[in-house]
Every structure is written in C-alpha cells, then in structure tokens.
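Peer 1: Quick one, coords-v5.txt (compact mmCIF, C-alpha atoms and all ligand atoms):
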```
# COMPACT_ATOMS: atom_id res chain seq x y z
CA MET C 1 23.78 -19.87 45.87
CA ARG C 2 24.13 -19.90 49.63
CA THR C 3 27.49 -20.12 51.35
CA ARG C 4 28.92 -23.43 52.65
CA THR C 5 27.69 -25.32 49.59
CA GLY C 6 31.13 -26.34 48.43
CA LEU C 7 30.04 -25.29 44.93
CA PHE C 8 30.75 -21.59 44.82
CA ARG C 9 31.52 -19.75 48.06
CA SER C 10 28.58 -17.44 47.52
CA GLU C 11 25.99 -16.38 45.00
CA THR C 12 28.07 -13.26 44.37
CA GLU C 13 31.05 -15.40 43.41
CA PHE C 14 28.88 -17.47 41.09
CA VAL C 15 27.39 -14.39 39.40
CA LYS C 16 30.89 -12.90 38.97
CA TRP C 17 32.13 -16.17 37.47
CA LEU C 18 29.18 -16.36 35.07
CA SER C 19 29.50 -12.71 34.01
CA ALA C 20 33.20 -13.24 33.26
CA ARG C 21 32.35 -16.43 31.33
CA MET C 22 29.93 -14.43 29.17
CA GLY C 23 32.67 -12.00 28.11
CA ALA C 24 31.98 -8.63 26.52
CA LYS C 25 28.53 -7.06 26.67
CA ALA C 26 26.36 -8.44 23.90
CA ALA C 27 24.64 -6.31 21.28
CA GLY C 28 21.20 -5.08 22.28
CA VAL C 29 21.74 -5.69 26.01
CA ARG C 30 21.35 -2.40 27.92
CA ILE C 31 21.56 -4.05 31.38
CA GLY C 32 22.76 -7.66 31.65
CA ILE C 33 23.54 -9.91 34.62
CA GLY C 34 23.99 -8.08 37.95
CA ASP C 35 20.99 -5.77 38.40
CA ASP C 36 17.48 -6.71 39.59
CA ALA C 37 16.44 -7.51 36.03
CA ALA C 38 17.88 -7.28 32.54
CA VAL C 39 17.01 -4.58 30.01
CA ALA C 40 17.28 -5.28 26.29
CA LYS C 41 16.26 -3.50 23.14
CA LEU C 42 14.59 -4.98 20.09
CA ALA C 43 14.84 -3.92 16.47
CA ARG C 44 12.19 -1.48 15.25
CA GLY C 45 9.15 -3.25 13.86
CA ALA C 46 10.11 -6.59 15.41
CA ASP C 47 7.83 -9.19 16.96
CA LEU C 48 9.12 -10.83 20.15
CA ILE C 49 9.24 -14.66 20.17
CA VAL C 50 9.37 -16.33 23.60
CA LYS C 51 9.98 -19.98 24.48
CA THR C 52 10.89 -21.87 27.64
CA ASP C 53 12.14 -25.47 27.99
CA MET C 54 12.83 -27.55 31.08
CA SER C 55 15.64 -30.10 31.29
CA LEU C 56 15.23 -32.50 34.21
CA GLU C 57 17.75 -35.05 35.43
CA GLY C 58 16.22 -38.50 34.91
CA VAL C 59 13.72 -37.20 32.33
CA HIS C 60 15.65 -35.22 29.71
CA PHE C 61 19.15 -36.31 30.64
CA ASP C 62 20.98 -39.04 32.49
CA PRO C 63 24.25 -37.97 34.18
CA GLY C 64 25.64 -41.46 33.42
CA LEU C 65 25.19 -40.89 29.67
CA HIS C 66 25.25 -37.12 29.17
CA PRO C 67 28.34 -35.08 30.11
CA ALA C 68 27.53 -31.73 31.78
CA ARG C 69 28.69 -29.89 28.67
CA SER C 70 26.11 -31.79 26.61
CA VAL C 71 23.37 -31.08 29.20
CA GLY C 72 24.06 -27.34 28.83
CA HIS C 73 24.20 -27.57 25.03
CA ARG C 74 20.96 -29.53 24.79
CA ALA C 75 19.16 -27.31 27.32
CA LEU C 76 19.66 -24.31 25.02
CA ALA C 77 19.37 -26.27 21.74
CA ARG C 78 15.73 -27.14 22.54
CA PRO C 79 14.32 -23.58 22.66
CA LEU C 80 16.77 -22.52 19.90
CA SER C 81 15.19 -25.16 17.67
CA ASP C 82 11.71 -23.84 18.46
CA ILE C 83 12.73 -20.30 17.56
CA ALA C 84 14.30 -21.71 14.38
CA ALA C 85 10.99 -23.39 13.52
CA MET C 86 9.26 -19.99 13.81
CA GLY C 87 11.85 -18.44 11.48
CA GLY C 88 13.14 -16.15 14.23
CA LYS C 89 16.47 -14.72 15.27
CA PRO C 90 17.42 -15.82 18.83
CA ARG C 91 18.61 -12.98 21.12
CA PHE C 92 18.46 -13.32 24.91
CA ALA C 93 18.33 -16.24 27.37
CA LEU C 94 17.45 -16.58 31.08
CA ILE C 95 18.85 -19.70 32.75
CA SER C 96 17.32 -21.12 35.93
CA LEU C 97 19.27 -23.93 37.56
CA ALA C 98 18.61 -25.97 40.68
CA VAL C 99 21.36 -28.36 41.79
CA SER C 100 21.95 -30.44 44.91
CA ARG C 101 24.79 -30.06 47.41
CA SER C 102 26.45 -33.08 45.88
CA THR C 103 26.73 -31.38 42.46
CA SER C 104 30.33 -30.37 41.81
CA ARG C 105 31.43 -26.89 40.85
CA ARG C 106 33.08 -28.55 37.85
CA TRP C 107 29.66 -29.87 36.68
CA ILE C 108 28.16 -26.36 36.82
CA GLU C 109 31.13 -24.86 34.99
CA GLU C 110 30.96 -27.49 32.26
CA PHE C 111 27.16 -27.06 31.99
CA PHE C 112 27.53 -23.32 31.38
CA HIS C 113 30.49 -23.90 29.09
CA GLY C 114 28.33 -26.06 26.79
CA LEU C 115 25.40 -23.68 26.97
CA VAL C 116 27.31 -20.43 26.47
CA ARG C 117 29.44 -21.83 23.64
CA LEU C 118 26.33 -22.82 21.68
CA GLY C 119 24.66 -19.48 22.54
CA LYS C 120 27.59 -17.43 21.27
CA ARG C 121 27.50 -19.22 17.92
CA PHE C 122 23.87 -18.17 17.50
CA GLY C 123 24.23 -14.63 18.91
CA VAL C 124 22.40 -15.45 22.16
CA ALA C 125 23.28 -13.40 25.26
CA VAL C 126 22.62 -14.90 28.70
CA VAL C 127 21.13 -11.89 30.50
CA GLY C 128 20.09 -13.46 33.81
CA GLY C 129 18.33 -16.30 35.53
CA ASP C 130 18.12 -17.87 38.96
CA THR C 131 19.94 -20.53 40.95
CA ALA C 132 18.95 -22.65 43.93
CA ILE C 133 20.24 -25.55 45.98
CA ALA C 134 17.59 -28.25 46.28
CA SER C 135 17.53 -31.85 47.52
CA GLY C 136 16.08 -33.37 44.34
CA PRO C 137 17.47 -34.04 40.87
CA ILE C 138 19.11 -31.33 38.79
CA PHE C 139 16.55 -29.00 37.24
CA VAL C 140 17.23 -26.57 34.40
CA ASP C 141 14.89 -24.11 32.75
CA VAL C 142 15.97 -22.04 29.77
CA ALA C 143 13.80 -19.12 28.67
CA LEU C 144 14.82 -17.86 25.26
CA MET C 145 13.71 -14.67 23.56
CA GLY C 146 14.05 -14.04 19.86
CA GLU C 147 12.78 -11.53 17.38
CA MET C 148 11.64 -11.37 13.80
CA LYS C 149 10.03 -9.03 11.33
CA ARG C 150 6.45 -8.30 12.38
CA GLY C 151 3.96 -10.87 11.09
CA GLU C 152 6.54 -13.14 9.41
CA ALA C 153 6.58 -16.01 11.95
CA LEU C 154 6.27 -19.50 10.43
CA LEU C 155 3.29 -21.24 12.03
CA ARG C 156 2.16 -24.86 12.21
CA SER C 157 -1.22 -23.90 10.83
CA GLY C 158 -0.47 -22.77 7.26
CA ALA C 159 -0.16 -26.08 5.34
CA ARG C 160 -2.61 -26.55 2.45
CA PRO C 161 -3.51 -29.61 0.29
CA ARG C 162 -0.91 -30.26 -2.46
CA ASP C 163 1.87 -28.47 -0.52
CA LEU C 164 5.09 -30.51 -0.49
CA ILE C 165 6.61 -31.74 2.77
CA TYR C 166 10.34 -31.27 3.39
CA VAL C 167 12.70 -32.16 6.20
CA SER C 168 16.24 -30.91 6.86
CA GLY C 169 19.25 -33.09 7.69
CA ARG C 170 18.80 -36.70 8.72
CA LEU C 171 16.28 -38.25 11.08
CA GLY C 172 16.71 -40.93 13.73
CA LEU C 173 20.37 -40.13 14.42
CA SER C 174 19.68 -38.83 17.94
CA GLY C 175 17.75 -41.98 18.84
CA LEU C 176 20.55 -44.08 17.38
CA GLY C 177 23.11 -42.08 19.39
CA LEU C 178 21.21 -42.68 22.62
CA GLU C 179 21.10 -46.41 21.79
CA ALA C 180 24.87 -46.34 21.20
CA LEU C 181 25.55 -44.57 24.52
CA GLN C 182 23.39 -47.11 26.37
CA ARG C 183 25.19 -50.02 24.67
CA LYS C 184 28.60 -48.57 25.49
CA ARG C 185 27.56 -48.36 29.14
CA ALA C 186 26.25 -51.93 28.98
CA VAL C 187 29.54 -53.13 27.45
CA LYS C 188 31.41 -51.61 30.39
CA GLY C 189 29.27 -53.73 32.74
CA VAL C 190 29.57 -57.48 33.43
CA ARG C 191 28.16 -58.49 30.06
CA SER C 192 26.30 -56.86 27.22
CA ARG C 193 22.91 -58.11 26.21
CA ARG C 194 22.83 -55.85 23.20
CA GLY C 195 26.25 -56.33 21.64
CA PRO C 196 29.15 -53.92 21.15
CA LEU C 197 29.47 -51.33 18.40
CA VAL C 198 31.90 -52.83 15.93
CA GLY C 199 32.80 -53.07 12.28
CA SER C 200 32.26 -50.81 9.32
CA GLU C 201 29.17 -49.22 10.83
CA SER C 202 31.11 -47.66 13.74
CA ASP C 203 31.43 -44.30 11.92
CA GLU C 204 27.66 -44.00 11.73
CA TRP C 205 27.38 -44.80 15.45
CA ALA C 206 29.99 -42.14 16.30
CA HIS C 207 28.16 -39.63 14.11
CA ALA C 208 24.90 -40.52 15.87
CA ILE C 209 26.42 -40.05 19.35
CA GLU C 210 27.59 -36.57 18.33
CA ALA C 211 24.12 -35.77 16.93
CA HIS C 212 22.53 -36.88 20.20
CA LEU C 213 24.90 -35.06 22.58
CA TYR C 214 25.39 -31.87 20.54
CA PRO C 215 22.39 -31.31 18.22
CA GLU C 216 22.61 -28.40 15.79
CA PRO C 217 19.48 -26.18 15.73
CA ARG C 218 18.57 -25.09 12.18
CA VAL C 219 18.31 -21.36 12.92
CA ALA C 220 19.72 -20.11 9.59
CA LEU C 221 17.40 -22.40 7.62
CA GLY C 222 14.34 -21.16 9.55
CA ARG C 223 15.25 -17.55 8.83
CA PHE C 224 15.89 -18.34 5.15
CA LEU C 225 12.42 -19.92 4.82
CA ALA C 226 10.67 -17.06 6.66
CA GLU C 227 12.49 -14.17 4.98
CA ASN C 228 11.89 -15.61 1.50
CA HIS C 229 8.27 -16.62 2.23
CA LEU C 230 8.97 -20.16 1.05
CA ALA C 231 7.27 -22.24 3.75
CA SER C 232 3.53 -22.37 4.38
CA ALA C 233 4.03 -24.13 7.76
CA ALA C 234 6.92 -25.35 9.91
CA ILE C 235 7.66 -27.26 13.11
CA ASP C 236 10.87 -28.65 14.59
CA VAL C 237 11.29 -32.41 14.93
CA SER C 238 11.70 -32.65 18.70
CA ASP C 239 9.29 -35.48 19.56
CA GLY C 240 9.71 -37.58 16.37
CA LEU C 241 8.66 -37.05 12.74
CA SER C 242 5.33 -38.90 13.06
CA THR C 243 4.31 -36.99 16.22
CA ASP C 244 5.47 -33.56 15.02
CA LEU C 245 3.86 -34.09 11.60
CA GLU C 246 0.62 -34.91 13.41
CA HIS C 247 0.89 -31.61 15.35
CA LEU C 248 1.36 -29.77 12.05
CA ILE C 249 -1.54 -31.39 10.17
CA GLU C 250 -3.87 -30.95 13.16
CA ALA C 251 -3.03 -27.25 13.35
CA SER C 252 -3.48 -26.91 9.56
CA ASN C 253 -6.59 -29.13 9.39
CA VAL C 254 -5.12 -31.25 6.58
CA GLY C 255 -3.64 -34.74 6.06
CA ALA C 256 -0.23 -35.98 4.88
CA ARG C 257 1.32 -38.75 2.78
CA ILE C 258 4.97 -39.68 3.45
CA TRP C 259 7.17 -41.67 1.02
CA ALA C 260 9.22 -44.11 3.13
CA ASN C 261 12.10 -44.33 0.64
CA GLN C 262 12.56 -40.53 0.78
CA VAL C 263 12.84 -40.35 4.60
CA PRO C 264 16.54 -39.68 5.44
CA ALA C 265 17.02 -42.57 7.89
CA PRO C 266 20.32 -43.70 9.50
CA SER C 267 22.50 -45.65 7.05
CA LEU C 268 22.56 -48.93 8.96
CA SER C 269 20.85 -52.18 8.10
CA ARG C 270 18.33 -53.69 10.52
CA GLN C 271 20.93 -56.40 11.22
CA GLN C 272 23.60 -53.82 12.10
CA LEU C 273 21.13 -52.02 14.36
CA ASN C 274 20.01 -55.18 16.18
CA PRO C 275 22.67 -57.89 15.89
CA ASP C 276 21.00 -60.18 18.43
CA ALA C 277 17.37 -59.56 17.70
CA ARG C 278 15.35 -61.27 15.00
CA ARG C 279 12.82 -58.48 15.26
CA GLY C 280 13.57 -54.97 16.42
CA PRO C 281 13.28 -51.39 15.30
CA ALA C 282 14.53 -50.80 11.76
CA PRO C 283 16.46 -47.60 10.90
CA LEU C 284 13.25 -46.31 9.26
CA HIS C 285 11.41 -46.77 12.56
CA LEU C 286 14.00 -44.57 14.33
CA ALA C 287 13.67 -41.93 11.59
CA LEU C 288 9.86 -41.90 11.81
CA HIS C 289 9.42 -42.09 15.58
CA GLY C 290 12.76 -41.24 17.26
CA GLY C 291 12.86 -37.80 18.87
CA GLU C 292 15.36 -35.03 19.60
CA ASP C 293 16.67 -34.66 16.06
CA TYR C 294 15.91 -30.91 16.07
CA GLU C 295 15.60 -30.83 12.30
CA LEU C 296 12.96 -28.64 10.62
CA LEU C 297 9.85 -30.16 9.07
CA PHE C 298 8.18 -27.69 6.72
CA THR C 299 5.65 -27.48 3.93
CA VAL C 300 6.14 -25.61 0.66
CA PRO C 301 3.49 -24.59 -1.90
CA ALA C 302 4.20 -26.39 -5.21
CA ARG C 303 4.58 -23.06 -7.08
CA VAL C 304 7.70 -22.12 -5.03
CA ALA C 305 9.14 -25.66 -4.59
CA ALA C 306 11.75 -25.02 -7.32
CA ARG C 307 13.27 -22.38 -5.02
CA ILE C 308 14.06 -24.94 -2.30
CA PRO C 309 17.72 -25.91 -2.81
CA PRO C 310 18.83 -29.56 -2.45
CA ALA C 311 20.96 -28.42 0.50
CA PHE C 312 21.17 -25.29 2.63
CA ARG C 313 24.62 -24.47 4.07
CA GLY C 314 25.62 -28.12 3.77
CA VAL C 315 22.42 -29.46 5.33
CA PRO C 316 20.37 -31.60 2.89
CA LEU C 317 16.72 -30.65 2.37
CA ARG C 318 14.64 -33.68 1.43
CA ARG C 319 11.15 -33.75 -0.08
CA ILE C 320 9.53 -36.58 1.87
CA GLY C 321 5.84 -36.29 1.08
CA GLU C 322 2.81 -34.16 0.33
CA ILE C 323 -0.08 -32.54 2.13
CA ARG C 324 -3.57 -33.76 1.21
CA ARG C 325 -7.16 -33.42 2.28
CA GLY C 326 -8.54 -35.53 5.14
CA ARG C 327 -7.08 -35.50 8.62
CA TRP C 328 -4.93 -38.64 8.47
CA MET C 329 -1.31 -39.61 7.80
CA THR C 330 -0.18 -42.42 5.52
CA LEU C 331 3.16 -44.01 4.66
CA VAL C 332 3.92 -45.25 1.13
CA ASN C 333 6.50 -48.07 1.20
CA ALA C 334 9.10 -48.87 -1.46
CA GLU C 335 6.61 -51.16 -3.27
CA GLY C 336 4.05 -48.36 -3.49
CA HIS C 337 1.76 -49.84 -0.82
CA GLU C 338 0.09 -47.11 1.26
CA ALA C 339 -0.74 -47.74 4.94
CA PRO C 340 -1.83 -45.56 7.87
CA LEU C 341 1.03 -43.81 9.72
CA ARG C 342 0.37 -43.37 13.41
CA ALA C 343 2.13 -40.89 15.67
CA GLY C 344 4.67 -42.97 17.61
CA GLY C 345 6.99 -40.30 18.95
CA PHE C 346 7.49 -38.96 22.44
CA ASP C 347 4.70 -37.72 24.72
CA HIS C 348 5.42 -37.02 28.41
CA PHE C 349 1.80 -37.73 29.37
CA LEU C 350 1.89 -41.29 28.04
CA ARG C 351 3.13 -44.11 30.26
CA GLY C 352 6.75 -44.74 29.26
CA GLY C 353 6.56 -41.65 27.05
CA ARG C 354 5.61 -43.72 23.98
CA ARG C 355 2.40 -44.77 22.25
MG MG H 401 8.88 -27.36 18.74
```
Could the structure of this file be written out as structure tokens, please?
Ligand SMILES: [Mg+2]
Peer 2:
Amino acid sequence: MRTRTGLFRSETEFVKWLSARMGAKAAGVRIGIGDDAAVAKLARGADLIVKTDMSLEGVHFDPGLHPARSVGHRALARPLSDIAAMGGKPRFALISLAVSRSTSRRWIEEFFHGLVRLGKRFGVAVVGGDTAIASGPIFVDVALMGEMKRGEALLRSGARPRDLIYVSGRLGLSGLGLEALQRKRAVKGVRSRRGPLVGSESDEWAHAIEAHLYPEPRVALGRFLAENHLASAAIDVSDGLSTDLEHLIEASNVGARIWANQVPAPSLSRQQLNPDARRGPAPLHLALHGGEDYELLFTVPARVAARIPPAFRGVPLRRIGEIRRGRWMTLVNAEGHEAPLRAGGFDHFLRGGRR
C-alpha cells in the first residue's frame, strides 16, 4: 500500500504486520511472504488442487451486516469448501485485497484476523498476495492450493443410477441467518416490517446467524470420503441444494429424487419464519434453495452405504434421496406425492441472482 493512506504507513509496514500475524513458518513453505514469489513443496505423488474465489462488497458481503472478521472468514471458507468437496487437503493461500482510502486499518486487521484464524485451524499458510488502494468497493480474491493423493479427487461426474444421495449438517441455516441479520437491522430502524426475533425460536435464529457469519467447511469429511473411496461424486452446497444437485447430475448425466422429509431444514415453523406473511418461504424452501451453507452433497454406491456413519465428527450425515436415470430432479413430499424439483438457488448471471 502506498504511503499517506492512513491505513498502514507503507506497504512494507503492512507486509511486516501480516508476516508477524502469520506467526511461525508453516510446514511445506520454503519461501513465504517477503520475496518476489513464494516457494512451497508438495508431498511425493500428490496432485495439486487449485481454486480461487472473489468476495466483493455489495455482492458477497454487506459491511452493514458482515463484520470484517466474518468477511475474512467467509472469503477463505468458500475455496476451503471447494477443496473439501474434492476430498483434498488445503495447504497454501494467496490473498489479494483492494480497499479504498476510507477503509480503516482496524477493518483490514480484523479481516485478516478472521481469515488467518480459520486458515490455521485447517493448516493453511498464507504465502503471499497483493494489495491495492482503489476508489471502488472492497474487493477480495483468495487463491487456495491444496493437495491430495494422485487420482483420488472426488468429482461431480461419478454419480450412477441407484447411488444414494447424502448431505452433511443442516441446510438453509445460512439463508435464515442472513434473514435474521436483515431483520435485526430493520428493527434498529424506525419500524420493522418483518417483525423482531422473539420467543422460543430465538436459539435457532442465533445458531443461524453464526452459521451465516462463520461457516465451517467440511474438510475432514471430504478427506474421509476420498481416502476410503466411499463417494462416487461430490459437490459443496454453495449456491443452494437444488442448484448444486443440478450441477452434479448434469456432470454425471443422471437424474435425482429427493425425499422432502429427509432434508435437514431449519427447525422453525412457517409461522415462526414469517410472522406477518400469510404466504412466504417455508423452512424447507430455505433448505432446498438457500445458498452458502458450505455443506457437502455426495453420492454413495448402495454396496458401501452401510459404511457411511450417521454422523462424522459430530456433523450429521443424512440420506436425502437417490440417483436415477433420466436427466431430471424430483421432490417426494411427506404424502408420497412426487413433483419436479427445479434449481432455485443462486446464479450471478440471473437478474436478482435467483430463478
Ligand atoms: Mg463448489
């Protein structure tokens, strides 16, 4: 960063601060931050997995809703979740950050605090990146490198008819958390059109806010599935179950049937979710189409399904459906009625981001 920014006195000061924040030299890093480029070593016989994710102010985060620490956490959680979905072990990250002159030094420190804290828990070393002062919104790009045993990556394309469909954790919590944050902000204003968060359901709202601000990538689960050759295909639920399932069945050239009563939706009634609205999204709708849950959606051949535990390290694994022939998705409701399921998750190219 240039001098006279009021952020850090100089780029050198910033790099020194970041290097100190990173602590001791991480395993596998020959040359980290401070030279022209980083040098790292990989395990013998490893494949390199590479992923990059942008986080843009006004698109991926809203400074009025997301604290800087959450922005840093989420910026790294997104590529971590992708490497988890491949069954890989995350290793090294490059962080590019553009901020404006009005961004405080405190915001940058908190951003890196959130990012580095999550990275350390998953063995990720920040080995470099780039910074710039720009006039537009805050822009973040995280490039993450991981590794895994050669040829063992979990792909989207391996699902076969009669495979069973599983999902980790719970779905729709992140969407519910965003709703809660928006309502809280509305309550602070002159009057709320959506109603406050009250009563016995407040624990679920608090849980959802945490899930939205600080999602937990399922890295250990991805590695467990890959190392034990249990999954025929996998994807992370970043855009919403219906949209990510569609990506998986398209890549595998198959179809899917989902059982609505098996989908792990938020434990709120429709009335609790929408106190003022006669019609509105039900918890199941959030679970099917809400994004940013960062759970793993994976398929398992029936012959190895008995080896999928009901929970992995405290995270429930739910069997929610089955793969079938024909390139379409259906949803079976509690009464056994089967209807088409359309992808209704997030897509940046669609107006409003939704179908
Ligand atoms: Mg993904």
Peer 1: When you count all atoms listed in the file, which of these residues is closest to C:Gly222: C:Met148, C:Ala132, C:Ala334, C:Ile165?
Peer 2: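 Ranking C:Met148, C:Ala132, C:Ala334, C:Ile165 by distance to C:Gly222, first place goes to C:Met148.
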Peer 1: For ligand MG 401 (chain H), collect every residue having any atom at a distance of at most 7 Å from a ligand atom (counting all atoms listed in the file); output as a short mmCIF file (atom, residue, chain, number, x, y, z; two decimals) with C-alpha atoms, keeping the file's coordinate frame.
Peer 2:
```
data_model
loop_
_atom_site.label_atom_id
_atom_site.label_comp_id
_atom_site.auth_asym_id
_atom_site.auth_seq_id
_atom_site.Cartn_x
_atom_site.Cartn_y
_atom_site.Cartn_z
CA SER C 81 15.19 -25.16 17.67
CA ASP C 82 11.71 -23.84 18.46
CA ALA C 85 10.99 -23.39 13.52
CA ILE C 235 7.66 -27.26 13.11
CA ASP C 236 10.87 -28.65 14.59
CA VAL C 237 11.29 -32.41 14.93
CA SER C 238 11.70 -32.65 18.70
#
```
Peer 1: Near C:Leu94, counting all atoms listed in the file, which residues have an atom at most 9 Å away, once you skip same-chain residues fewer than 5 positions from it, shown as a PyMOL selection string?
Peer 2: chain C and resi 125-130+141-145
Peer 1: Taking only C-alpha atoms into account, name the residue in C:Glu322, C:Asp244, C:Glu292, C:Asp239 that is nearest to C:Ala256.
Peer 2: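 For C:Ala256, the nearest of the candidates is C:Glu322.
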Peer 1: With the cut-off set at 12 Å and counting all atoms listed in the file, tabulate each residue of stretch 257-346 of chain C with an atom at most that distance from an atom of stretch 73-79 of chain C, showing the nearest atom pair and its distance in Å to one decimal, ordered by chain and increasing number, as a tab-separated table.
Peer 2:
```
residue	atom	partner	partner_atom	distance
C:Gly291	CA	C:Arg78	CA	11.6
C:Glu292	CA	C:Arg78	CA	8.4
C:Asp293	CA	C:Arg78	CA	10.0
C:Tyr294	CA	C:Arg78	CA	7.5
C:Glu295	CA	C:Arg78	CA	10.9
```
Peer 1: Record the distance separating atom CA of C:Asp47 and atom CA of C:Ala251, expressed in Å with one decimal.
Peer 2: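 Atom-to-atom, atom CA of C:Asp47 and atom CA of C:Ala251 are spaced 21.4 Å apart.
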Peer 1: Have a look at atom CA of C:Leu176 and atom CA of C:Leu241 and let me know their distance in Å, one decimal.
Peer 2: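 Distance reported for this atom pair: 14.6 Å.
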Peer 1: Point out the residue among C:Arg257, C:Arg223, C:His247, C:Arg218 with the least atom-to-atom distance to C:Ala343, counting only C-alpha atoms.
Peer 2: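 Nearest candidate to C:Ala343 out of C:Arg257, C:Arg223, C:His247, C:Arg218: C:His247.
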Peer 1: Residues near C:Val167, anyone? I mean within 12 Å using only C-alpha atoms, not counting same-chain ones fewer than 2 positions away, as a ChimeraX atom specification.
Peer 2: /C:85,164-165,169-171,218,221-222,231,233-237,240-241,244-245,258,262-265,287-288,293-300,308,310-312,315-322
Peer 1: So which one's closest to C:Leu230, C:Val304, C:Ile83, C:Ala37, C:Ala98? Using all atoms listed in the file, please.
Peer 2: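 Checking each of C:Val304, C:Ile83, C:Ala37, C:Ala98 against C:Leu230, counting all atoms listed in the file, the winner is C:Val304.
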Peer 1: Would you compute the distance between atom CA of C:Met329 and atom CA of C:Leu248? Give it in Å to one decimal.
Peer 2: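 The value is 11.0 Å.
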Peer 1: Quick one: of C:Ala260, C:His66, C:Val99, C:Arg342, who's nearest to C:Phe139, counting only C-alpha atoms?
Peer 2: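 Using only C-alpha atoms, C:Phe139 sits closest to C:Val99.
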Peer 1: Have a look at C:Arg307, C:Gly123, C:Gly172, C:Pro137 and name the one nearest to C:Gly58; count only C-alpha atoms.
Peer 2: C:Pro137
Peer 1: Which residues are close to C:Leu18, i.e. within 12 Å by all atoms listed in the file, leaving aside same-chain residues fewer than 2 positions away? Reply as a PDB file with C-alpha atoms, in the frame of the given file.
Peer 2:
```
ATOM      1  CA  PHE C   8      30.750 -21.590  44.820  1.00  0.00           C
ATOM      2  CA  GLU C  11      25.990 -16.380  45.000  1.00  0.00           C
ATOM      3  CA  THR C  12      28.070 -13.260  44.370  1.00  0.00           C
ATOM      4  CA  GLU C  13      31.050 -15.400  43.410  1.00  0.00           C
ATOM      5  CA  PHE C  14      28.880 -17.470  41.090  1.00  0.00           C
ATOM      6  CA  VAL C  15      27.390 -14.390  39.400  1.00  0.00           C
ATOM      7  CA  LYS C  16      30.890 -12.900  38.970  1.00  0.00           C
ATOM      8  CA  ALA C  20      33.200 -13.240  33.260  1.00  0.00           C
ATOM      9  CA  ARG C  21      32.350 -16.430  31.330  1.00  0.00           C
ATOM     10  CA  MET C  22      29.930 -14.430  29.170  1.00  0.00           C
ATOM     11  CA  GLY C  23      32.670 -12.000  28.110  1.00  0.00           C
ATOM     12  CA  ALA C  24      31.980  -8.630  26.520  1.00  0.00           C
ATOM     13  CA  GLY C  32      22.760  -7.660  31.650  1.00  0.00           C
ATOM     14  CA  ILE C  33      23.540  -9.910  34.620  1.00  0.00           C
ATOM     15  CA  GLY C  34      23.990  -8.080  37.950  1.00  0.00           C
ATOM     16  CA  ILE C  95      18.850 -19.700  32.750  1.00  0.00           C
ATOM     17  CA  ILE C 108      28.160 -26.360  36.820  1.00  0.00           C
ATOM     18  CA  GLU C 109      31.130 -24.860  34.990  1.00  0.00           C
ATOM     19  CA  GLU C 110      30.960 -27.490  32.260  1.00  0.00           C
ATOM     20  CA  PHE C 111      27.160 -27.060  31.990  1.00  0.00           C
ATOM     21  CA  PHE C 112      27.530 -23.320  31.380  1.00  0.00           C
ATOM     22  CA  HIS C 113      30.490 -23.900  29.090  1.00  0.00           C
ATOM     23  CA  LEU C 115      25.400 -23.680  26.970  1.00  0.00           C
ATOM     24  CA  VAL C 116      27.310 -20.430  26.470  1.00  0.00           C
ATOM     25  CA  ALA C 125      23.280 -13.400  25.260  1.00  0.00           C
ATOM     26  CA  VAL C 126      22.620 -14.900  28.700  1.00  0.00           C
ATOM     27  CA  VAL C 127      21.130 -11.890  30.500  1.00  0.00           C
ATOM     28  CA  GLY C 128      20.090 -13.460  33.810  1.00  0.00           C
ATOM     29  CA  GLY C 129      18.330 -16.300  35.530  1.00  0.00           C
ATOM     30  CA  ASP C 130      18.120 -17.870  38.960  1.00  0.00           C
ATOM     31  CA  THR C 131      19.940 -20.530  40.950  1.00  0.00           C
TER      32      THR C 131
END
```
Peer 1: Taking 4 positions as the minimum chain separation for residues in the same chain, which residues sit within 7 Å of C:Ile31 when counting all atoms listed in the file? Answer as a list in words.
Peer 2: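 So the residues in contact are Ala38, Val39 and Ala40 of chain C.
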